[in-house]
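What follows is final_27.txt (compact mmCIF, C-alpha atoms).
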```txt
# COMPACT_ATOMS: atom_id res chain seq x y z
CA MET A 145 -84.97 22.04 30.81
CA PHE A 146 -85.21 23.12 27.18
CA ALA A 147 -86.68 26.59 27.75
CA PRO A 148 -83.60 28.33 26.28
CA LEU A 149 -84.15 26.48 22.99
CA LYS A 150 -87.33 28.49 22.48
CA GLU A 151 -85.08 31.40 21.56
CA ARG A 152 -84.05 31.33 17.89
CA ASN A 153 -80.71 32.99 18.56
CA TYR A 154 -79.87 30.46 21.26
CA ARG A 155 -80.78 27.55 18.96
CA LEU A 156 -78.37 28.87 16.35
CA TRP A 157 -75.68 29.33 18.98
CA ALA A 158 -76.22 25.87 20.49
CA ALA A 159 -76.00 24.11 17.12
CA ALA A 160 -72.87 26.02 16.12
CA ASP A 161 -71.28 25.43 19.53
CA LEU A 162 -71.85 21.69 19.30
CA ILE A 163 -70.11 21.60 15.90
CA SER A 164 -67.26 23.81 17.06
CA VAL A 165 -66.60 21.88 20.28
CA GLY A 166 -66.49 18.63 18.29
CA GLY A 167 -63.96 20.16 15.91
CA THR A 168 -61.88 21.52 18.76
CA TRP A 169 -61.55 18.12 20.43
CA MET A 170 -60.67 16.53 17.10
CA GLN A 171 -57.82 19.05 16.86
CA VAL A 172 -56.75 18.34 20.47
CA LEU A 173 -56.56 14.64 19.64
CA ALA A 174 -54.60 15.26 16.44
CA LEU A 175 -52.24 17.73 18.10
CA ASN A 176 -51.45 15.34 20.95
CA TRP A 177 -50.79 12.57 18.44
CA VAL A 178 -48.43 14.78 16.41
CA ILE A 179 -46.46 15.90 19.46
CA LEU A 180 -46.08 12.41 20.91
CA SER A 181 -45.31 10.75 17.59
CA VAL A 182 -42.72 13.34 16.57
CA THR A 183 -41.06 14.03 19.91
CA GLY A 184 -42.17 11.14 22.12
CA SER A 185 -42.25 13.64 24.99
CA ALA A 186 -45.20 14.11 27.33
CA THR A 187 -43.33 17.11 28.74
CA LYS A 188 -43.58 18.92 25.40
CA MET A 189 -47.28 18.16 25.30
CA GLY A 190 -47.53 19.75 28.74
CA ALA A 191 -45.65 22.76 27.40
CA VAL A 192 -48.31 23.22 24.73
CA VAL A 193 -51.04 23.19 27.39
CA MET A 194 -49.07 25.74 29.42
CA LEU A 195 -48.66 28.04 26.42
CA GLN A 196 -52.42 28.02 25.99
CA SER A 197 -53.06 28.77 29.69
CA LEU A 198 -50.43 31.41 30.48
CA PRO A 199 -51.93 34.21 28.32
CA VAL A 200 -55.19 33.93 30.28
CA LEU A 201 -53.29 34.63 33.50
CA LEU A 202 -51.42 37.57 31.98
CA LEU A 203 -54.04 39.13 29.69
CA GLY A 204 -57.38 37.91 31.05
CA SER A 205 -58.09 41.06 33.09
CA TRP A 206 -57.57 43.28 30.04
CA GLY A 207 -59.79 40.96 28.02
CA GLY A 208 -62.53 41.34 30.62
CA ALA A 209 -62.24 45.14 30.61
CA LEU A 210 -62.50 45.17 26.82
CA ALA A 211 -65.51 42.83 26.90
CA ASP A 212 -67.40 45.27 29.13
CA ARG A 213 -66.97 48.09 26.61
CA ILE A 214 -67.24 46.81 23.05
CA PRO A 215 -70.01 45.04 21.07
CA ALA A 216 -69.62 41.28 21.44
CA ARG A 217 -70.69 39.94 18.06
CA PRO A 218 -68.07 41.62 15.80
CA MET A 219 -65.27 40.62 18.16
CA LEU A 220 -66.49 37.01 18.31
CA ILE A 221 -66.63 36.81 14.51
CA ALA A 222 -63.06 38.13 14.32
CA CYS A 223 -61.85 35.65 16.95
CA GLN A 224 -63.48 32.72 15.17
CA ALA A 225 -61.92 33.75 11.87
CA ILE A 226 -58.44 33.91 13.47
CA ARG A 227 -58.95 30.51 15.10
CA ALA A 228 -59.87 29.05 11.71
CA LEU A 229 -56.64 30.43 10.23
CA LEU A 230 -54.61 28.97 13.11
CA ALA A 231 -56.19 25.55 12.52
CA LEU A 232 -55.33 25.82 8.82
CA ALA A 233 -51.73 26.70 9.76
CA LEU A 234 -51.43 23.32 11.48
CA VAL A 235 -52.31 21.60 8.20
CA LEU A 236 -49.08 22.91 6.69
CA PRO A 237 -45.95 20.86 7.29
CA ALA A 238 -43.88 22.64 9.94
CA GLY A 239 -41.73 21.99 12.98
CA ASN A 240 -42.42 22.33 16.67
CA TRP A 241 -42.23 26.11 16.43
CA MET A 242 -45.51 26.14 14.48
CA ILE A 243 -47.28 24.06 17.14
CA TYR A 244 -45.97 26.25 19.96
CA GLY A 245 -46.85 29.40 18.05
CA VAL A 246 -50.42 28.26 17.40
CA ALA A 247 -50.82 27.24 21.05
CA LEU A 248 -49.61 30.62 22.27
CA ALA A 249 -51.78 32.52 19.78
CA SER A 250 -54.82 30.44 20.79
CA GLY A 251 -54.20 31.34 24.42
CA VAL A 252 -54.00 35.04 23.59
CA ILE A 253 -57.28 34.85 21.67
CA GLY A 254 -58.91 32.95 24.53
CA SER A 255 -57.87 35.70 26.96
CA PHE A 256 -60.08 38.17 25.12
CA GLU A 257 -62.68 35.79 23.73
CA GLY A 258 -63.69 34.11 27.02
CA PRO A 259 -65.22 37.13 28.79
CA VAL A 260 -66.91 38.25 25.56
CA LEU A 261 -68.48 34.80 25.15
CA GLY A 262 -69.87 34.96 28.69
CA ARG A 263 -71.53 38.32 28.16
CA PHE A 264 -72.78 37.43 24.69
CA GLY A 265 -74.32 34.13 25.78
CA SER A 266 -76.34 35.79 28.53
CA SER A 267 -77.75 38.28 26.00
CA LEU A 268 -79.34 35.48 23.94
CA ILE A 269 -81.85 34.33 26.54
CA PRO A 270 -84.06 35.85 29.25
CA ARG A 271 -82.33 36.39 32.59
CA GLU A 272 -84.45 33.74 34.31
CA ALA A 273 -83.35 31.10 31.77
CA LEU A 274 -79.62 31.71 32.29
CA ALA A 275 -79.08 28.77 34.65
CA SER A 276 -80.73 26.31 32.26
CA ALA A 277 -78.84 27.77 29.29
CA LEU A 278 -75.46 27.35 31.02
CA ALA A 279 -76.34 23.80 32.06
CA LEU A 280 -77.41 22.92 28.51
CA GLY A 281 -74.15 24.44 27.32
CA SER A 282 -72.29 21.99 29.58
CA VAL A 283 -74.26 19.11 28.07
CA LEU A 284 -73.44 20.27 24.54
CA SER A 285 -69.76 20.66 25.42
CA SER A 286 -69.65 17.13 26.84
CA ALA A 287 -71.52 15.73 23.83
CA GLY A 288 -69.24 17.59 21.43
CA ARG A 289 -66.18 16.31 23.25
CA ILE A 290 -67.40 12.71 23.12
CA GLY A 291 -68.37 12.95 19.47
CA GLY A 292 -65.23 14.81 18.43
CA MET A 293 -62.87 12.42 20.18
CA ALA A 294 -64.73 9.35 18.89
CA LEU A 295 -64.84 10.54 15.27
CA GLY A 296 -61.31 11.89 15.47
CA GLY A 297 -60.06 8.55 16.78
CA VAL A 298 -61.49 6.84 13.70
CA LEU A 299 -60.34 9.44 11.16
CA ILE A 300 -56.80 9.91 12.39
CA GLY A 301 -55.94 6.31 11.58
CA MET A 302 -57.46 6.61 8.11
CA THR A 303 -56.42 10.10 7.00
CA GLY A 304 -53.75 11.33 9.40
CA PRO A 305 -53.93 14.43 11.62
CA SER A 306 -54.06 17.06 8.87
CA VAL A 307 -57.67 16.28 7.99
CA LEU A 308 -58.70 16.77 11.64
CA PHE A 309 -57.08 20.22 11.65
CA LEU A 310 -58.96 21.04 8.45
CA ILE A 311 -62.28 19.88 9.91
CA ASN A 312 -61.72 22.09 12.94
CA ALA A 313 -61.04 25.08 10.70
CA VAL A 314 -64.33 24.48 8.88
CA SER A 315 -66.20 24.15 12.21
CA TYR A 316 -65.38 27.77 13.02
CA ILE A 317 -67.15 28.82 9.83
CA ALA A 318 -70.34 27.30 11.27
CA VAL A 319 -70.02 29.61 14.29
CA ILE A 320 -69.42 32.67 12.09
CA VAL A 321 -72.51 31.85 9.98
CA ALA A 322 -74.61 31.40 13.14
CA LEU A 323 -73.40 34.71 14.56
CA MET A 324 -74.23 36.55 11.35
CA ALA A 325 -77.69 34.93 11.16
CA MET A 326 -78.76 36.03 14.64
CA ARG A 327 -81.39 38.74 15.03
CA SER A 328 -80.12 41.75 16.95
CA GLY A 329 -83.63 42.82 17.90
CA GLU A 330 -84.15 39.61 19.88
CA MET A 331 -81.04 40.05 22.05
CA ARG A 332 -81.04 41.51 25.55
CA ASN A 333 -79.10 44.74 25.86
CA LEU A 334 -76.56 44.43 28.68
CA ALA A 335 -75.19 47.51 30.41
CA THR A 336 -71.71 48.44 29.21
CA ALA A 337 -68.86 50.24 30.93
CA SER A 338 -67.75 53.72 29.99
CA ALA A 339 -64.25 54.39 28.72
CA SER A 340 -63.48 56.30 31.93
CA ASP A 341 -64.68 53.76 34.51
CA GLY A 342 -61.19 52.62 35.50
CA GLY A 343 -60.83 49.47 33.39
CA VAL A 344 -58.82 46.66 34.96
CA ILE A 345 -58.26 48.46 38.29
CA ALA A 346 -61.97 49.18 38.64
CA GLY A 347 -62.75 45.53 37.96
CA LEU A 348 -60.26 44.39 40.58
CA ARG A 349 -61.68 46.78 43.16
CA TYR A 350 -65.20 45.60 42.36
CA VAL A 351 -64.30 41.93 42.84
CA LEU A 352 -62.50 42.67 46.11
CA ARG A 353 -65.68 44.35 47.41
CA GLN A 354 -67.79 41.25 46.66
CA PRO A 355 -67.23 38.81 49.56
CA VAL A 356 -69.57 36.16 48.14
CA VAL A 357 -67.71 36.22 44.81
CA LEU A 358 -64.36 35.96 46.58
CA ILE A 359 -65.48 32.96 48.64
CA VAL A 360 -66.91 31.22 45.57
CA LEU A 361 -63.68 31.84 43.63
CA ALA A 362 -61.53 30.54 46.50
CA LEU A 363 -63.68 27.42 46.78
CA SER A 364 -63.55 26.96 43.01
CA PHE A 365 -59.74 27.18 43.07
CA VAL A 366 -59.28 24.60 45.83
CA LEU A 367 -61.79 22.12 44.41
CA GLY A 368 -60.55 22.76 40.88
CA SER A 369 -56.89 22.18 41.66
CA LEU A 370 -57.14 19.25 44.08
CA GLY A 371 -60.47 17.75 43.11
CA ARG A 372 -60.76 18.10 39.37
CA ASN A 373 -57.58 16.74 37.79
CA TYR A 374 -58.89 13.23 37.27
CA GLN A 375 -56.98 12.76 34.03
CA VAL A 376 -53.92 12.40 36.25
CA SER A 377 -55.40 10.42 39.14
CA MET A 378 -57.43 8.04 36.96
CA ALA A 379 -54.33 7.01 35.04
CA ALA A 380 -52.38 6.63 38.28
CA MET A 381 -55.09 4.46 39.87
CA VAL A 382 -55.47 2.22 36.80
CA SER A 383 -51.76 1.67 36.30
CA GLY A 384 -51.13 1.36 40.04
CA PRO A 385 -53.33 -0.08 42.81
CA LEU A 386 -56.26 -1.13 40.59
CA GLY A 387 -54.02 -3.08 38.21
CA GLY A 388 -56.15 -2.24 35.20
CA SER A 389 -55.46 -2.06 31.48
CA SER A 390 -55.98 0.48 28.72
CA GLY A 391 -59.52 -0.89 28.43
CA SER A 392 -60.04 -0.06 32.10
CA TYR A 393 -58.94 3.51 31.49
CA GLY A 394 -61.36 3.68 28.55
CA LEU A 395 -64.17 2.48 30.84
CA LEU A 396 -63.37 5.17 33.39
CA SER A 397 -63.18 7.86 30.71
CA THR A 398 -66.59 6.77 29.42
CA ALA A 399 -68.06 6.83 32.94
CA PHE A 400 -66.66 10.33 33.43
CA ALA A 401 -68.19 11.53 30.14
CA VAL A 402 -71.59 9.99 30.94
CA GLY A 403 -71.52 11.59 34.37
CA ALA A 404 -70.72 15.00 32.88
CA VAL A 405 -73.71 14.79 30.52
CA ALA A 406 -75.97 13.58 33.35
CA GLY A 407 -74.91 16.44 35.60
CA GLY A 408 -75.68 19.02 32.93
CA LEU A 409 -79.10 17.52 32.23
CA LEU A 410 -79.91 17.34 35.93
CA LEU A 411 -79.10 20.99 36.50
CA ALA A 412 -80.84 22.11 33.32
CA GLY A 413 -83.96 20.24 34.41
CA SER A 414 -84.02 21.63 37.93
CA GLY A 415 -82.93 25.16 37.10
CA LYS A 416 -81.65 25.53 40.69
CA SER A 417 -78.30 27.28 40.61
CA THR A 418 -78.18 28.51 44.19
CA LEU A 419 -75.33 28.86 46.66
CA ARG A 420 -76.84 25.98 48.63
CA VAL A 421 -76.61 23.75 45.56
CA LEU A 422 -73.01 24.87 45.05
CA LEU A 423 -72.01 24.09 48.65
CA GLY A 424 -73.88 20.80 48.79
CA THR A 425 -72.39 19.64 45.51
CA GLY A 426 -68.88 20.72 46.52
CA PHE A 427 -69.16 18.80 49.78
CA LEU A 428 -70.58 15.70 48.08
CA ILE A 429 -67.95 15.40 45.35
CA SER A 430 -65.20 15.97 47.91
CA VAL A 431 -66.47 13.10 50.09
CA LEU A 432 -66.80 10.90 47.01
CA GLN A 433 -63.23 11.77 46.00
CA PHE A 434 -62.04 10.67 49.44
CA ALA A 435 -63.98 7.41 49.02
CA SER A 436 -62.59 6.86 45.50
CA GLY A 437 -59.12 6.48 46.98
CA LEU A 438 -60.45 3.45 48.86
CA ALA A 439 -62.18 1.82 45.86
CA PRO A 440 -61.38 -1.93 45.76
CA ASN A 441 -61.46 -2.39 41.98
CA VAL A 442 -62.03 -0.69 38.63
CA LEU A 443 -65.81 -1.08 38.70
CA GLY A 444 -66.01 0.39 42.19
CA PHE A 445 -63.85 3.31 41.10
CA ALA A 446 -66.04 3.83 38.00
CA ALA A 447 -69.17 3.84 40.19
CA LEU A 448 -67.70 6.78 42.11
CA ILE A 449 -66.28 8.57 39.08
CA LEU A 450 -69.71 8.93 37.45
CA PRO A 451 -71.37 10.98 40.25
CA ILE A 452 -68.12 12.92 40.78
CA ALA A 453 -68.18 13.99 37.12
CA ALA A 454 -71.87 14.90 37.35
CA GLY A 455 -71.24 16.92 40.50
CA ALA A 456 -68.24 18.69 38.95
CA VAL A 457 -70.38 19.91 36.05
CA VAL A 458 -73.10 21.08 38.45
CA PHE A 459 -70.55 22.85 40.64
CA ASP A 460 -68.78 24.63 37.75
CA THR A 461 -72.07 25.64 36.12
CA VAL A 462 -73.48 27.04 39.36
CA VAL A 463 -70.26 29.03 39.88
CA SER A 464 -70.63 30.56 36.41
CA THR A 465 -74.35 31.22 36.93
CA ARG A 466 -73.95 32.91 40.31
CA ILE A 467 -71.05 35.00 39.03
CA GLN A 468 -73.21 36.29 36.19
CA LEU A 469 -76.43 36.79 38.14
CA ASP A 470 -74.88 38.32 41.26
CA THR A 471 -72.63 40.93 39.63
CA ALA A 472 -73.31 44.21 37.85
CA GLU A 473 -73.75 43.86 34.09
CA GLU A 474 -71.16 46.54 33.31
CA MET A 475 -68.62 44.59 35.37
CA ARG A 476 -69.53 41.13 34.14
CA GLY A 477 -66.74 40.76 31.59
CA ARG A 478 -64.08 41.58 34.17
CA VAL A 479 -65.59 39.23 36.74
CA LEU A 480 -65.83 36.44 34.16
CA ALA A 481 -62.19 37.09 33.26
CA THR A 482 -61.31 36.61 36.93
CA VAL A 483 -63.14 33.26 36.87
CA GLY A 484 -61.10 32.27 33.81
CA ILE A 485 -57.87 33.26 35.53
CA VAL A 486 -58.76 31.20 38.61
CA SER A 487 -59.67 28.23 36.42
CA SER A 488 -56.41 28.40 34.48
CA LEU A 489 -54.41 28.80 37.68
CA SER A 490 -56.09 25.78 39.25
CA GLY A 491 -55.15 23.68 36.24
CA ILE A 492 -51.55 24.90 36.17
CA VAL A 493 -51.12 24.35 39.92
CA GLY A 494 -53.38 21.34 40.40
CA ALA A 495 -52.21 18.92 37.72
CA PRO A 496 -48.54 18.96 38.82
CA ALA A 497 -49.61 18.86 42.49
CA ILE A 498 -51.80 15.80 42.02
CA GLY A 499 -49.09 14.15 39.93
CA TRP A 500 -46.49 14.80 42.66
CA LEU A 501 -48.84 13.44 45.35
CA CYS A 502 -49.47 10.30 43.27
CA ASP A 503 -45.72 9.78 42.87
CA SER A 504 -44.87 10.41 46.51
CA MET A 505 -47.90 8.94 48.34
CA GLY A 506 -49.36 6.60 45.78
CA ALA A 507 -52.62 7.15 43.89
CA ARG A 508 -54.80 6.06 46.81
CA GLY A 509 -53.03 8.34 49.26
CA ALA A 510 -53.26 11.28 46.87
CA LEU A 511 -57.02 10.89 46.40
CA VAL A 512 -57.67 10.42 50.11
CA LEU A 513 -55.58 13.45 51.10
CA ALA A 514 -56.95 15.67 48.33
CA GLY A 515 -60.51 14.56 49.15
CA ALA A 516 -59.98 15.38 52.82
CA VAL A 517 -58.63 18.85 52.00
CA THR A 518 -61.47 19.68 49.60
CA THR A 519 -64.07 18.41 52.10
CA VAL A 520 -62.68 20.75 54.75
CA ALA A 521 -62.63 23.55 52.16
CA ALA A 522 -66.29 22.94 51.28
CA VAL A 523 -67.32 23.11 54.94
CA ALA A 524 -65.18 26.22 55.51
CA GLY A 525 -66.71 27.83 52.41
CA GLY A 526 -70.19 27.11 53.77
CA MET A 527 -69.31 28.70 57.10
CA ALA A 528 -67.87 31.77 55.37
CA LEU A 529 -70.88 32.19 53.09
CA ALA A 530 -73.27 31.72 56.01
CA ARG A 531 -71.43 34.45 57.94
CA VAL A 532 -71.51 36.81 54.96
CA LYS A 533 -75.21 36.11 54.43
CA GLY A 534 -75.90 36.69 58.12
CA ARG A 535 -77.12 33.19 58.86
CA SER A 536 -76.28 30.53 61.35
CA LEU A 537 -74.60 27.57 59.68
CA ASN A 538 -76.16 24.18 60.10
CA TRP A 539 -76.56 21.28 57.74
CA SER A 540 -79.90 22.60 56.44
CA PHE A 541 -77.95 25.45 54.79
CA VAL A 542 -75.78 22.97 52.92
CA LEU A 543 -78.60 20.61 52.07
CA GLY A 544 -80.83 23.39 50.79
CA ARG A 545 -83.59 23.72 53.40
CA PRO A 546 -84.46 27.30 54.32
CA ILE A 547 -83.02 28.87 57.46
CA GLU A 548 -84.95 31.52 59.35
CA GLN A 549 -82.85 32.19 62.47
CA PRO A 550 -80.33 35.06 62.29
CA ALA A 551 -76.65 34.65 63.04
```
Structure encoded using structure tokens:
Amino acid sequence: MFAPLKERNYRLWAAADLISVGGTWMQVLALNWVILSVTGSATKMGAVVMLQSLPVLLLGSWGGALADRIPARPMLIACQAIRALLALALVLPAGNWMIYGVALASGVIGSFEGPVLGRFGSSLIPREALASALALGSVLSSAGRIGGMALGGVLIGMTGPSVLFLINAVSYIAVIVALMAMRSGEMRNLATASASDGGVIAGLRYVLRQPVVLIVLALSFVLGSLGRNYQVSMAAMVSGPLGGSSGSYGLLSTAFAVGAVAGGLLLAGSGKSTLRVLLGTGFLISVLQFASGLAPNVLGFAALILPIAAGAVVFDTVVSTRIQLDTAEEMRGRVLATVGIVSSLSGIVGAPAIGWLCDSMGARGALVLAGAVTTVAAVAGGMALARVKGRSLNWSFVLGRPIEQPA
């Protein structure tokens, strides 16, 4: 489970990432508070999220092409420095234009930073430890989110939001220090693309020639859009059929966070990031989502939310692992950028879709329908992958037992 921590560079990265994620979620909390307190509009808060996501859709492919060509560490240091300046800009008194501007600039940075981060992280550890490293990264992200939101919730009432923006700015300095302290001689050298390899078009052609990658991305989009927007469905269930309170929503949020940490630890411990694990997990969380729409009370719903959250972390981590292990190193940035585009698109499409289903069918109906669709998608994805792999599909493929007979 902790094999990646044997690497000094990874230890530095993990510690800095934990601090940075905590600071980021403190800023998210403060930013949401500022928007709602000043405007009282959830729509404007949604606009901020959209401004952060849209650049990934528009610029992500170019970010991936750049990541495959240039050294990662200098670019990451520059990106962290700009993010620190943007956080400091929020400390200054300004109107909505400042918030929107920072959100848009953060999205632009993320378009280029995301693929670079993926390539850089895989250079810090041996190839065989990649699955465990990504799983541990999920655990650290969940822990940083919990810690950042908890500490931010205490501080914002005592100091106001400006201090949280300042703390986030300082957290980026920790990442810059860690990056500068890493030993270049202990990093794996990943193959890079030449300036004449075709850039974005070459990356697109490469992805289109990878049927397994295409199936995994399609499955990730469907499960991500209809099966992952629990911020919307949890609130709808609590305020609707479950008749809960704000305390009930807090309980569900805690269960979701605990499940996310458990899923990361489970995958890090097993180290099994195979397509069978991906399919089995996708099928399981889809069935559980269907069942969650039938939950009789808050505790029953929480009991289902916990394994759903664990499975979601396993699923997303396996997707990232397979994408990195099953693609050429000189194309990895562009493929990772495609994953980021799919993820952003699933959020932009999925959250409004789930919200509309909750409004038109009720929260229970939305979860049951979405769970049914994602279950069918998981089975269809298994059939497609089995065909591509030249195997006959039966339940042993999904459950992880070996299959010997040809298709």
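Across the model, the gap from atom CA of A:Leu280 to atom CA of A:Cys223 is 23.2 Å.
Atom CA of A:Val512 lies 25.0 Å from atom CA of A:Ala406.
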Between atom CA of A:Val376 and atom CA of A:Gly437 - distance in Å to one decimal: 13.3 Å
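Closest to A:Arg217 among A:Gly297, A:Glu272, A:Leu236, A:Met324 is A:Met324, based on all atoms listed in the file.
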Among A:Ser328, A:Ser285, A:Ser488, A:Asn240, A:Val178 is approached most closely, using all atoms listed in the file, by A:Asn240
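Proximity ranking of A:Met170, A:Leu284, A:Met293, A:Val351 relative to A:Ser306 places A:Met170 first, based on only C-alpha atoms.
Comparing A:Ala249, A:Val442, A:Val523, A:Val463 by their smallest distance to A:Val356, the closest is A:Val463 (using all atoms listed in the file).
For the choices A:Asn441, A:Gly424, A:Arg327, A:Val402, the atom-to-atom distance to A:Gly388 is smallest for A:Asn441 when using all atoms listed in the file.
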Contacts of A:Val520 at 12 Å (all atoms listed in the file; same-chain gap of 2+ positions) as a compact mmCIF listing (two decimals) with C-alpha atoms, in the frame of the given file:
```txt
# COMPACT_ATOMS: atom_id res chain seq x y z
CA LEU A 363 -63.68 27.42 46.78
CA VAL A 366 -59.28 24.60 45.83
CA LEU A 367 -61.79 22.12 44.41
CA LEU A 423 -72.01 24.09 48.65
CA GLY A 426 -68.88 20.72 46.52
CA PHE A 427 -69.16 18.80 49.78
CA LEU A 428 -70.58 15.70 48.08
CA SER A 430 -65.20 15.97 47.91
CA VAL A 431 -66.47 13.10 50.09
CA PHE A 434 -62.04 10.67 49.44
CA LEU A 513 -55.58 13.45 51.10
CA ALA A 514 -56.95 15.67 48.33
CA GLY A 515 -60.51 14.56 49.15
CA ALA A 516 -59.98 15.38 52.82
CA VAL A 517 -58.63 18.85 52.00
CA THR A 518 -61.47 19.68 49.60
CA ALA A 522 -66.29 22.94 51.28
CA VAL A 523 -67.32 23.11 54.94
CA ALA A 524 -65.18 26.22 55.51
CA GLY A 525 -66.71 27.83 52.41
CA GLY A 526 -70.19 27.11 53.77
CA MET A 527 -69.31 28.70 57.10
```
Listed atoms of stretch 386-403 of chain A boxed along x, y and z, 3 Å each side, centre and edge lengths in Å, one decimal, as lines of an AutoDock Vina configuration file:
```
center_x = -62.8
center_y = 4.3
center_z = 34.5
size_x = 23.6
size_y = 20.7
size_z = 18.2
```
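Among the candidate residues A:Ala159, A:Val252, A:Met505, A:Leu370, the one lying nearest to A:Leu489 is A:Leu370, with distances computed using only C-alpha atoms.
Those DNA, RNA and protein residues that approach the point (-63.3, 51.1, 35.2) to within 10 Å, considering all atoms listed in the file, are Ala209, Asp212, Arg213, Ala337, Ser338, Ala339, Ser340, Asp341, Gly342, Gly343, Val344, Ile345, Ala346, Gly347, Leu348, Arg349, Tyr350, Glu474, Met475 and Arg478 of chain A.
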Select, counting all atoms listed in the file, all protein, DNA and RNA residues no farther than 12 Å from (-52.9, 35.9, 30.4) in file coordinates, and express the selection as a ChimeraX atom specification. /A:194-208,248-258,481-482,484-489
Residues at most 8 Å from A:Ile221, counting all atoms listed in the file, excluding those fewer than 4 positions away in the same chain, as a PyMOL selection string? chain A and resi 217+225+319-320+323
Contacts of A:Pro355 within 12 Å, only C-alpha atoms, excl. fewer than 2 positions in-chain, as a ChimeraX atom specification: /A:349-353,357-362,467,470-471,525,528-533
Save the residues we just selected, C-alpha atoms, as a tab-separated table (two decimals), in the coordinates of the input?
```
chain	number	residue	atom	x	y	z
A	349	ARG	CA	-61.68	46.78	43.16
A	350	TYR	CA	-65.20	45.60	42.36
A	351	VAL	CA	-64.30	41.93	42.84
A	352	LEU	CA	-62.50	42.67	46.11
A	353	ARG	CA	-65.68	44.35	47.41
A	357	VAL	CA	-67.71	36.22	44.81
A	358	LEU	CA	-64.36	35.96	46.58
A	359	ILE	CA	-65.48	32.96	48.64
A	360	VAL	CA	-66.91	31.22	45.57
A	361	LEU	CA	-63.68	31.84	43.63
A	362	ALA	CA	-61.53	30.54	46.50
A	467	ILE	CA	-71.05	35.00	39.03
A	470	ASP	CA	-74.88	38.32	41.26
A	471	THR	CA	-72.63	40.93	39.63
A	525	GLY	CA	-66.71	27.83	52.41
A	528	ALA	CA	-67.87	31.77	55.37
A	529	LEU	CA	-70.88	32.19	53.09
A	530	ALA	CA	-73.27	31.72	56.01
A	531	ARG	CA	-71.43	34.45	57.94
A	532	VAL	CA	-71.51	36.81	54.96
A	533	LYS	CA	-75.21	36.11	54.43
```
